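Data file: input-v1.txt. Format and content: compact mmCIF, N, CA and C atoms.
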# COMPACT_ATOMS: atom_id res chain seq x y z
N MET U 1 176.40 122.08 71.01
CA MET U 1 176.39 121.25 69.83
C MET U 1 177.80 120.75 69.52
N LEU U 2 178.77 121.62 69.65
CA LEU U 2 180.15 121.23 69.38
C LEU U 2 180.58 120.10 70.30
N ASP U 3 180.21 120.21 71.57
CA ASP U 3 180.59 119.16 72.53
C ASP U 3 180.03 117.80 72.12
N ARG U 4 178.79 117.79 71.62
CA ARG U 4 178.18 116.52 71.19
C ARG U 4 178.90 115.96 69.96
N ILE U 5 179.25 116.84 69.03
CA ILE U 5 179.96 116.39 67.83
C ILE U 5 181.32 115.82 68.20
N LEU U 6 182.03 116.54 69.06
CA LEU U 6 183.36 116.07 69.48
C LEU U 6 183.25 114.76 70.25
N ALA U 7 182.21 114.64 71.08
CA ALA U 7 182.01 113.39 71.83
C ALA U 7 181.72 112.24 70.88
N LEU U 8 180.93 112.48 69.84
CA LEU U 8 180.63 111.43 68.86
C LEU U 8 181.90 111.01 68.11
N LEU U 9 182.75 111.98 67.80
CA LEU U 9 184.03 111.66 67.16
C LEU U 9 184.85 110.74 68.07
N LYS U 10 184.95 111.13 69.33
CA LYS U 10 185.75 110.36 70.29
C LYS U 10 185.16 108.96 70.50
N GLU U 11 183.83 108.88 70.72
CA GLU U 11 183.17 107.59 70.96
C GLU U 11 183.36 106.62 69.81
N ASN U 12 183.42 107.18 68.61
CA ASN U 12 183.53 106.33 67.41
C ASN U 12 184.94 106.20 66.90
N GLY U 13 185.90 106.82 67.61
CA GLY U 13 187.30 106.73 67.21
C GLY U 13 187.58 107.32 65.83
N ILE U 14 186.92 108.42 65.54
CA ILE U 14 187.05 109.05 64.22
C ILE U 14 187.76 110.39 64.38
N THR U 15 188.70 110.65 63.51
CA THR U 15 189.40 111.93 63.54
C THR U 15 188.58 112.98 62.79
N ALA U 16 188.86 114.23 63.09
CA ALA U 16 188.19 115.33 62.39
C ALA U 16 188.50 115.26 60.90
N LYS U 17 189.72 114.88 60.56
CA LYS U 17 190.12 114.78 59.16
C LYS U 17 189.30 113.71 58.43
N LYS U 18 189.12 112.54 59.07
CA LYS U 18 188.33 111.48 58.46
C LYS U 18 186.87 111.92 58.30
N LEU U 19 186.35 112.60 59.33
CA LEU U 19 184.97 113.07 59.28
C LEU U 19 184.75 114.00 58.10
N THR U 20 185.62 114.99 57.98
CA THR U 20 185.46 115.96 56.89
C THR U 20 185.62 115.29 55.53
N SER U 21 186.50 114.32 55.45
CA SER U 21 186.68 113.59 54.19
C SER U 21 185.45 112.75 53.88
N ASP U 22 184.97 112.00 54.87
CA ASP U 22 183.81 111.13 54.66
C ASP U 22 182.55 111.93 54.30
N LEU U 23 182.39 113.09 54.92
CA LEU U 23 181.20 113.91 54.67
C LEU U 23 181.37 114.86 53.50
N GLU U 24 182.59 114.89 52.96
CA GLU U 24 182.91 115.78 51.83
C GLU U 24 182.59 117.24 52.18
N ILE U 25 183.10 117.66 53.34
CA ILE U 25 182.97 119.06 53.75
C ILE U 25 184.37 119.63 53.92
N SER U 26 184.46 120.92 54.11
CA SER U 26 185.74 121.62 54.22
C SER U 26 186.61 121.00 55.31
N ASN U 27 187.92 120.85 55.00
CA ASN U 27 188.87 120.30 55.97
C ASN U 27 188.92 121.11 57.26
N SER U 28 188.60 122.39 57.18
CA SER U 28 188.69 123.25 58.36
C SER U 28 187.37 123.33 59.13
N SER U 29 186.38 122.56 58.73
CA SER U 29 185.05 122.66 59.35
C SER U 29 185.08 122.50 60.86
N VAL U 30 185.71 121.44 61.35
CA VAL U 30 185.71 121.19 62.80
C VAL U 30 186.44 122.31 63.53
N SER U 31 187.57 122.76 63.00
CA SER U 31 188.28 123.85 63.68
C SER U 31 187.47 125.15 63.60
N ASP U 32 186.74 125.35 62.51
CA ASP U 32 185.87 126.53 62.41
C ASP U 32 184.77 126.46 63.47
N TRP U 33 184.22 125.25 63.69
CA TRP U 33 183.17 125.09 64.71
C TRP U 33 183.74 125.39 66.09
N LYS U 34 184.99 124.97 66.31
CA LYS U 34 185.63 125.23 67.60
C LYS U 34 185.81 126.74 67.83
N LYS U 35 185.92 127.49 66.74
CA LYS U 35 186.09 128.95 66.84
C LYS U 35 184.76 129.68 66.95
N GLY U 36 183.65 128.93 66.88
CA GLY U 36 182.34 129.56 67.09
C GLY U 36 181.38 129.49 65.93
N SER U 37 181.84 129.12 64.75
CA SER U 37 180.88 129.01 63.65
C SER U 37 180.05 127.74 63.84
N LYS U 38 178.89 127.73 63.24
CA LYS U 38 177.98 126.60 63.38
C LYS U 38 177.88 125.85 62.05
N PRO U 39 177.71 124.53 62.11
CA PRO U 39 177.52 123.78 60.88
C PRO U 39 176.19 124.15 60.23
N SER U 40 176.16 124.11 58.92
CA SER U 40 174.92 124.42 58.20
C SER U 40 173.92 123.28 58.41
N CYS U 41 172.68 123.54 58.03
CA CYS U 41 171.62 122.53 58.20
C CYS U 41 171.95 121.24 57.46
N ASP U 42 172.46 121.37 56.24
CA ASP U 42 172.76 120.15 55.47
C ASP U 42 173.90 119.37 56.12
N VAL U 43 174.84 120.05 56.76
CA VAL U 43 175.93 119.36 57.45
C VAL U 43 175.40 118.68 58.72
N VAL U 44 174.46 119.31 59.41
CA VAL U 44 173.86 118.69 60.60
C VAL U 44 173.15 117.40 60.20
N VAL U 45 172.44 117.42 59.09
CA VAL U 45 171.77 116.20 58.60
C VAL U 45 172.80 115.13 58.26
N LYS U 46 173.88 115.53 57.59
CA LYS U 46 174.94 114.57 57.26
C LYS U 46 175.57 113.98 58.52
N LEU U 47 175.81 114.83 59.52
CA LEU U 47 176.39 114.36 60.78
C LEU U 47 175.47 113.35 61.46
N ALA U 48 174.18 113.65 61.49
CA ALA U 48 173.21 112.76 62.13
C ALA U 48 173.19 111.39 61.43
N LYS U 49 173.16 111.40 60.12
CA LYS U 49 173.16 110.14 59.38
C LYS U 49 174.48 109.39 59.58
N TYR U 50 175.56 110.11 59.56
CA TYR U 50 176.89 109.52 59.69
C TYR U 50 177.05 108.79 61.02
N PHE U 51 176.59 109.44 62.09
CA PHE U 51 176.75 108.85 63.43
C PHE U 51 175.55 108.01 63.87
N GLY U 52 174.50 108.00 63.06
CA GLY U 52 173.32 107.21 63.41
C GLY U 52 172.55 107.79 64.59
N VAL U 53 172.49 109.11 64.66
CA VAL U 53 171.73 109.79 65.70
C VAL U 53 170.74 110.72 65.03
N SER U 54 169.86 111.31 65.82
CA SER U 54 168.88 112.24 65.26
C SER U 54 169.49 113.64 65.14
N THR U 55 168.90 114.45 64.28
CA THR U 55 169.32 115.84 64.18
C THR U 55 169.01 116.57 65.49
N ASP U 56 167.93 116.14 66.18
CA ASP U 56 167.62 116.73 67.49
C ASP U 56 168.76 116.50 68.47
N TYR U 57 169.39 115.34 68.38
CA TYR U 57 170.51 115.07 69.28
C TYR U 57 171.68 116.00 68.95
N ILE U 58 172.00 116.13 67.67
CA ILE U 58 173.11 117.01 67.27
C ILE U 58 172.81 118.45 67.72
N LEU U 59 171.61 118.94 67.43
CA LEU U 59 171.27 120.33 67.70
C LEU U 59 170.98 120.62 69.17
N LEU U 60 170.22 119.73 69.81
CA LEU U 60 169.70 120.04 71.13
C LEU U 60 170.15 119.11 72.24
N GLY U 61 170.76 117.99 71.87
CA GLY U 61 171.17 117.03 72.87
C GLY U 61 170.05 116.11 73.31
N GLU U 62 168.92 116.16 72.60
CA GLU U 62 167.77 115.31 72.95
C GLU U 62 167.87 114.00 72.22
N LYS U 63 167.90 112.93 72.99
CA LYS U 63 167.95 111.61 72.40
C LYS U 63 166.54 111.18 72.03
N SER U 64 166.38 110.69 70.83
CA SER U 64 165.07 110.23 70.40
C SER U 64 164.90 108.76 70.77
N VAL U 65 163.66 108.39 70.92
CA VAL U 65 163.33 107.02 71.27
C VAL U 65 163.08 106.25 69.98
N SER U 66 163.69 105.11 69.87
CA SER U 66 163.50 104.29 68.70
C SER U 66 162.24 103.46 68.87
N ILE U 67 161.39 103.48 67.85
CA ILE U 67 160.14 102.72 67.88
C ILE U 67 160.20 101.66 66.79
N SER U 68 159.89 100.43 67.19
CA SER U 68 159.94 99.33 66.23
C SER U 68 158.88 99.53 65.15
N GLN U 69 159.06 98.84 64.05
CA GLN U 69 158.10 98.94 62.94
C GLN U 69 156.73 98.45 63.38
N GLU U 70 156.70 97.38 64.19
CA GLU U 70 155.43 96.85 64.69
C GLU U 70 154.70 97.90 65.54
N ASP U 71 155.44 98.59 66.41
CA ASP U 71 154.83 99.64 67.23
C ASP U 71 154.35 100.80 66.36
N GLN U 72 155.10 101.14 65.33
CA GLN U 72 154.68 102.20 64.41
C GLN U 72 153.38 101.82 63.71
N ASP U 73 153.27 100.55 63.31
CA ASP U 73 152.05 100.07 62.65
C ASP U 73 150.85 100.16 63.59
N ILE U 74 151.07 99.79 64.86
CA ILE U 74 149.98 99.85 65.84
C ILE U 74 149.55 101.30 66.05
N LEU U 75 150.52 102.21 66.14
CA LEU U 75 150.18 103.63 66.31
C LEU U 75 149.41 104.17 65.11
N LYS U 76 149.80 103.77 63.91
CA LYS U 76 149.08 104.22 62.71
C LYS U 76 147.63 103.76 62.76
N LEU U 77 147.42 102.51 63.16
CA LEU U 77 146.05 101.99 63.27
C LEU U 77 145.28 102.76 64.34
N PHE U 78 145.91 102.99 65.47
CA PHE U 78 145.28 103.72 66.58
C PHE U 78 144.83 105.10 66.12
N HIS U 79 145.70 105.80 65.38
CA HIS U 79 145.39 107.17 64.94
C HIS U 79 144.33 107.21 63.85
N GLN U 80 144.01 106.07 63.26
CA GLN U 80 142.93 106.01 62.28
C GLN U 80 141.56 105.99 62.95
N LEU U 81 141.54 105.65 64.25
CA LEU U 81 140.28 105.62 65.00
C LEU U 81 139.81 107.05 65.27
N PRO U 82 138.49 107.25 65.32
CA PRO U 82 137.99 108.57 65.75
C PRO U 82 138.43 108.84 67.19
N HIS U 83 138.49 110.09 67.57
CA HIS U 83 139.00 110.48 68.88
C HIS U 83 138.27 109.77 70.02
N ASP U 84 136.95 109.72 69.96
CA ASP U 84 136.20 109.08 71.04
C ASP U 84 136.52 107.58 71.12
N ALA U 85 136.75 106.96 69.98
CA ALA U 85 137.13 105.54 69.97
C ALA U 85 138.53 105.35 70.54
N GLN U 86 139.43 106.31 70.28
CA GLN U 86 140.78 106.25 70.86
C GLN U 86 140.70 106.29 72.38
N LEU U 87 139.87 107.18 72.91
CA LEU U 87 139.72 107.29 74.37
C LEU U 87 139.14 106.00 74.94
N GLU U 88 138.15 105.45 74.28
CA GLU U 88 137.55 104.20 74.74
C GLU U 88 138.57 103.06 74.71
N PHE U 89 139.33 103.00 73.63
CA PHE U 89 140.34 101.95 73.50
C PHE U 89 141.39 102.05 74.60
N ARG U 90 141.83 103.27 74.89
CA ARG U 90 142.81 103.48 75.96
C ARG U 90 142.27 103.00 77.29
N GLY U 91 141.01 103.31 77.56
CA GLY U 91 140.39 102.85 78.80
C GLY U 91 140.31 101.34 78.86
N GLU U 92 139.93 100.72 77.76
CA GLU U 92 139.85 99.26 77.70
C GLU U 92 141.23 98.64 77.91
N LEU U 93 142.23 99.23 77.28
CA LEU U 93 143.59 98.70 77.40
C LEU U 93 144.09 98.81 78.85
N LYS U 94 143.82 99.94 79.50
CA LYS U 94 144.21 100.10 80.90
C LYS U 94 143.51 99.06 81.77
N GLY U 95 142.23 98.82 81.50
CA GLY U 95 141.49 97.81 82.25
C GLY U 95 142.06 96.42 82.04
N TYR U 96 142.43 96.13 80.81
CA TYR U 96 143.02 94.83 80.48
C TYR U 96 144.34 94.63 81.23
N ILE U 97 145.16 95.67 81.28
CA ILE U 97 146.45 95.59 81.98
C ILE U 97 146.23 95.39 83.48
N LYS U 98 145.26 96.10 84.05
CA LYS U 98 144.94 95.92 85.47
C LYS U 98 144.53 94.48 85.75
N CYS U 99 143.70 93.94 84.87
CA CYS U 99 143.24 92.56 85.02
C CYS U 99 144.42 91.59 84.97
N LEU U 100 145.32 91.78 84.05
CA LEU U 100 146.50 90.92 83.95
C LEU U 100 147.36 91.01 85.20
N LYS U 101 147.52 92.22 85.72
CA LYS U 101 148.32 92.39 86.93
C LYS U 101 147.67 91.69 88.11
N ARG U 102 146.33 91.78 88.20
CA ARG U 102 145.62 91.10 89.28
C ARG U 102 145.79 89.59 89.19
N GLN U 103 145.69 89.07 87.96
CA GLN U 103 145.88 87.63 87.75
C GLN U 103 147.28 87.21 88.15
N GLU U 104 148.26 88.05 87.78
CA GLU U 104 149.65 87.76 88.12
C GLU U 104 149.85 87.76 89.63
N GLU U 105 149.26 88.72 90.31
CA GLU U 105 149.37 88.78 91.76
C GLU U 105 148.71 87.58 92.42
N ASP U 106 147.56 87.16 91.88
CA ASP U 106 146.85 86.01 92.43
C ASP U 106 147.67 84.73 92.32
N THR U 107 148.45 84.60 91.24
CA THR U 107 149.25 83.39 91.08
C THR U 107 150.54 83.46 91.89
N VAL U 108 151.04 84.66 92.15
CA VAL U 108 152.30 84.80 92.88
C VAL U 108 152.06 84.71 94.39
N LYS U 109 150.98 85.27 94.90
CA LYS U 109 150.75 85.28 96.36
C LYS U 109 150.72 83.89 96.98
N PRO U 110 149.98 82.91 96.40
CA PRO U 110 149.98 81.59 97.03
C PRO U 110 151.38 80.97 97.08
N LEU U 111 152.20 81.27 96.10
CA LEU U 111 153.55 80.72 96.11
C LEU U 111 154.36 81.34 97.24
N LYS U 112 154.17 82.61 97.48
CA LYS U 112 154.90 83.28 98.54
C LYS U 112 154.47 82.75 99.90
N LYS U 113 153.17 82.48 100.05
CA LYS U 113 152.65 81.98 101.32
C LYS U 113 153.18 80.59 101.61
N ALA U 114 153.39 79.79 100.58
CA ALA U 114 153.86 78.43 100.76
C ALA U 114 155.27 78.39 101.33
N LYS U 115 156.06 79.40 101.09
CA LYS U 115 157.44 79.43 101.60
C LYS U 115 157.37 79.60 103.06

Output the file's structure as structure tokens, nothing else.
Amino acid sequence: MLDRILALLKENGITAKKLTSDLEISNSSVSDWKKGSKPSCDVVVKLAKYFGVSTDYILLGEKSVSISQEDQDILKLFHQLPHDAQLEFRGELKGYIKCLKRQEEDTVKPLKKAK
């Protein structure tokens, strides 16, 4: 966790002093972390917001995937369907994608043959 915090400081050109001042935490926080203490949960949340990363990234190094609002809306609608309808929809969507790929291949092959 410390390595990720230090890397975020370096990537953003921020000093430990500026970080502690901006987050309104103890001036010795970063040096305390270097000595083995861990930031509290509220400090981890502040760090995540400050650097624009997830708390999972600070804690575990796992980068989260950003989902657009439109994609979130589609997922909400999908999850409103009963489970059997979700399975049917997924099958239909896979079939639709296969059909599109076939159409794309059909239009590309004649062009390749012409060369």

Residue nearest Lys63 in chain U among U:Arg4, U:Lys35, U:Lys17, U:His79 (counting only C-alpha atoms):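 Looking at the shortest contact to Lys63 in chain U, the residue is U:Arg4.
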
For Asp3 in chain U: contacts at 12 Å, only C-alpha atoms, fewer than 3 positions along chain excluded, given as a PyMOL selection string: chain U and resi 6-11+30+33-34+36+57-61

Contacts of Leu47 in chain U at 8 Å (only N, CA and C atoms; same-chain gap of 6+ positions) as a ChimeraX atom specification: /U:23,41,53-55,58

Interatomic distance, CA of Asn12 in chain U to CA of Ser68 in chain U (Å, one decimal):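 According to the coordinates, CA of Asn12 in chain U and CA of Ser68 in chain U are separated by 24.6 Å.
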
Counting only C-alpha atoms, the residue of U:Ile74, U:Cys99, U:Leu87, U:Ile5 that sits nearest Ser29 in chain U: U:Ile5

Two-atom distance - CA of Lys38 in chain U, CA of Thr20 in chain U (Å):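 About the pair CA of Lys38 in chain U and CA of Thr20 in chain U: they are 14.5 Å apart.
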
Distance in Å - atom N of Ser37 in chain U versus atom C of Ile25 in chain U: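 That distance, rounded to one decimal, is 14.6 Å.
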
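Comparing U:Leu100, U:Leu2, U:Ala85, U:Leu19 by their smallest distance to Phe51 in chain U, the closest is U:Leu19 (using only C-alpha atoms).
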
Which of range 1-50 of chain U DSSP labels helix (DSSP H, G or I), written as a ChimeraX atom specification: /U:2-11,16-23,29-34,41-50

Output range 54-79 of chain U as a PDB file, in the frame of the given file, making sure N, CA, C and O atoms are there.
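After the write, out_19.pdb holds the following:
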ATOM      1  N   SER U  54     169.860 111.310  65.820  1.00  0.00           N
ATOM      2  CA  SER U  54     168.880 112.240  65.260  1.00  0.00           C
ATOM      3  C   SER U  54     169.490 113.640  65.140  1.00  0.00           C
ATOM      4  O   SER U  54     170.464 113.970  65.822  1.00  0.00           O
ATOM      5  N   THR U  55     168.900 114.450  64.280  1.00  0.00           N
ATOM      6  CA  THR U  55     169.320 115.840  64.180  1.00  0.00           C
ATOM      7  C   THR U  55     169.010 116.570  65.490  1.00  0.00           C
ATOM      8  O   THR U  55     169.744 117.467  65.890  1.00  0.00           O
ATOM      9  N   ASP U  56     167.930 116.140  66.180  1.00  0.00           N
ATOM     10  CA  ASP U  56     167.620 116.730  67.490  1.00  0.00           C
ATOM     11  C   ASP U  56     168.760 116.500  68.470  1.00  0.00           C
ATOM     12  O   ASP U  56     169.056 117.357  69.297  1.00  0.00           O
ATOM     13  N   TYR U  57     169.390 115.340  68.380  1.00  0.00           N
ATOM     14  CA  TYR U  57     170.510 115.070  69.280  1.00  0.00           C
ATOM     15  C   TYR U  57     171.680 116.000  68.950  1.00  0.00           C
ATOM     16  O   TYR U  57     172.282 116.591  69.845  1.00  0.00           O
ATOM     17  N   ILE U  58     172.000 116.130  67.670  1.00  0.00           N
ATOM     18  CA  ILE U  58     173.110 117.010  67.270  1.00  0.00           C
ATOM     19  C   ILE U  58     172.810 118.450  67.720  1.00  0.00           C
ATOM     20  O   ILE U  58     173.651 119.105  68.323  1.00  0.00           O
ATOM     21  N   LEU U  59     171.610 118.940  67.430  1.00  0.00           N
ATOM     22  CA  LEU U  59     171.270 120.330  67.700  1.00  0.00           C
ATOM     23  C   LEU U  59     170.980 120.620  69.170  1.00  0.00           C
ATOM     24  O   LEU U  59     171.413 121.640  69.699  1.00  0.00           O
ATOM     25  N   LEU U  60     170.220 119.730  69.810  1.00  0.00           N
ATOM     26  CA  LEU U  60     169.700 120.040  71.130  1.00  0.00           C
ATOM     27  C   LEU U  60     170.150 119.110  72.240  1.00  0.00           C
ATOM     28  O   LEU U  60     169.883 119.364  73.411  1.00  0.00           O
ATOM     29  N   GLY U  61     170.760 117.990  71.870  1.00  0.00           N
ATOM     30  CA  GLY U  61     171.170 117.030  72.870  1.00  0.00           C
ATOM     31  C   GLY U  61     170.050 116.110  73.310  1.00  0.00           C
ATOM     32  O   GLY U  61     170.189 115.365  74.257  1.00  0.00           O
ATOM     33  N   GLU U  62     168.920 116.160  72.600  1.00  0.00           N
ATOM     34  CA  GLU U  62     167.770 115.310  72.950  1.00  0.00           C
ATOM     35  C   GLU U  62     167.870 114.000  72.220  1.00  0.00           C
ATOM     36  O   GLU U  62     167.912 113.958  70.994  1.00  0.00           O
ATOM     37  N   LYS U  63     167.900 112.930  72.990  1.00  0.00           N
ATOM     38  CA  LYS U  63     167.950 111.610  72.400  1.00  0.00           C
ATOM     39  C   LYS U  63     166.540 111.180  72.030  1.00  0.00           C
ATOM     40  O   LYS U  63     165.627 111.299  72.829  1.00  0.00           O
ATOM     41  N   SER U  64     166.380 110.690  70.830  1.00  0.00           N
ATOM     42  CA  SER U  64     165.070 110.230  70.400  1.00  0.00           C
ATOM     43  C   SER U  64     164.900 108.760  70.770  1.00  0.00           C
ATOM     44  O   SER U  64     165.873 108.031  70.910  1.00  0.00           O
ATOM     45  N   VAL U  65     163.660 108.390  70.920  1.00  0.00           N
ATOM     46  CA  VAL U  65     163.330 107.020  71.270  1.00  0.00           C
ATOM     47  C   VAL U  65     163.080 106.250  69.980  1.00  0.00           C
ATOM     48  O   VAL U  65     162.336 106.697  69.119  1.00  0.00           O
ATOM     49  N   SER U  66     163.690 105.110  69.870  1.00  0.00           N
ATOM     50  CA  SER U  66     163.500 104.290  68.700  1.00  0.00           C
ATOM     51  C   SER U  66     162.240 103.460  68.870  1.00  0.00           C
ATOM     52  O   SER U  66     162.027 102.828  69.900  1.00  0.00           O
ATOM     53  N   ILE U  67     161.390 103.480  67.850  1.00  0.00           N
ATOM     54  CA  ILE U  67     160.140 102.720  67.880  1.00  0.00           C
ATOM     55  C   ILE U  67     160.200 101.660  66.790  1.00  0.00           C
ATOM     56  O   ILE U  67     160.505 101.950  65.641  1.00  0.00           O
ATOM     57  N   SER U  68     159.890 100.430  67.190  1.00  0.00           N
ATOM     58  CA  SER U  68     159.940  99.330  66.230  1.00  0.00           C
ATOM     59  C   SER U  68     158.880  99.530  65.150  1.00  0.00           C
ATOM     60  O   SER U  68     157.905 100.266  65.327  1.00  0.00           O
ATOM     61  N   GLN U  69     159.060  98.840  64.050  1.00  0.00           N
ATOM     62  CA  GLN U  69     158.100  98.940  62.940  1.00  0.00           C
ATOM     63  C   GLN U  69     156.730  98.450  63.380  1.00  0.00           C
ATOM     64  O   GLN U  69     155.710  99.028  63.035  1.00  0.00           O
ATOM     65  N   GLU U  70     156.700  97.380  64.190  1.00  0.00           N
ATOM     66  CA  GLU U  70     155.430  96.850  64.690  1.00  0.00           C
ATOM     67  C   GLU U  70     154.700  97.900  65.540  1.00  0.00           C
ATOM     68  O   GLU U  70     153.493  98.111  65.378  1.00  0.00           O
ATOM     69  N   ASP U  71     155.440  98.590  66.410  1.00  0.00           N
ATOM     70  CA  ASP U  71     154.830  99.640  67.230  1.00  0.00           C
ATOM     71  C   ASP U  71     154.350 100.800  66.360  1.00  0.00           C
ATOM     72  O   ASP U  71     153.291 101.380  66.622  1.00  0.00           O
ATOM     73  N   GLN U  72     155.100 101.140  65.330  1.00  0.00           N
ATOM     74  CA  GLN U  72     154.680 102.200  64.410  1.00  0.00           C
ATOM     75  C   GLN U  72     153.380 101.820  63.710  1.00  0.00           C
ATOM     76  O   GLN U  72     152.483 102.657  63.555  1.00  0.00           O
ATOM     77  N   ASP U  73     153.270 100.550  63.310  1.00  0.00           N
ATOM     78  CA  ASP U  73     152.050 100.070  62.650  1.00  0.00           C
ATOM     79  C   ASP U  73     150.850 100.160  63.590  1.00  0.00           C
ATOM     80  O   ASP U  73     149.763 100.572  63.179  1.00  0.00           O
ATOM     81  N   ILE U  74     151.070  99.790  64.860  1.00  0.00           N
ATOM     82  CA  ILE U  74     149.980  99.850  65.840  1.00  0.00           C
ATOM     83  C   ILE U  74     149.550 101.300  66.050  1.00  0.00           C
ATOM     84  O   ILE U  74     148.351 101.606  66.111  1.00  0.00           O
ATOM     85  N   LEU U  75     150.520 102.210  66.140  1.00  0.00           N
ATOM     86  CA  LEU U  75     150.180 103.630  66.310  1.00  0.00           C
ATOM     87  C   LEU U  75     149.410 104.170  65.110  1.00  0.00           C
ATOM     88  O   LEU U  75     148.462 104.953  65.278  1.00  0.00           O
ATOM     89  N   LYS U  76     149.800 103.770  63.910  1.00  0.00           N
ATOM     90  CA  LYS U  76     149.080 104.220  62.710  1.00  0.00           C
ATOM     91  C   LYS U  76     147.630 103.760  62.760  1.00  0.00           C
ATOM     92  O   LYS U  76     146.713 104.526  62.453  1.00  0.00           O
ATOM     93  N   LEU U  77     147.420 102.510  63.160  1.00  0.00           N
ATOM     94  CA  LEU U  77     146.050 101.990  63.270  1.00  0.00           C
ATOM     95  C   LEU U  77     145.280 102.760  64.340  1.00  0.00           C
ATOM     96  O   LEU U  77     144.119 103.131  64.137  1.00  0.00           O
ATOM     97  N   PHE U  78     145.910 102.990  65.470  1.00  0.00           N
ATOM     98  CA  PHE U  78     145.280 103.720  66.580  1.00  0.00           C
ATOM     99  C   PHE U  78     144.830 105.100  66.120  1.00  0.00           C
ATOM    100  O   PHE U  78     143.719 105.547  66.412  1.00  0.00           O
ATOM    101  N   HIS U  79     145.700 105.800  65.380  1.00  0.00           N
ATOM    102  CA  HIS U  79     145.390 107.170  64.940  1.00  0.00           C
ATOM    103  C   HIS U  79     144.330 107.210  63.850  1.00  0.00           C
ATOM    104  O   HIS U  79     143.770 108.269  63.578  1.00  0.00           O
TER     105      HIS U  79
END
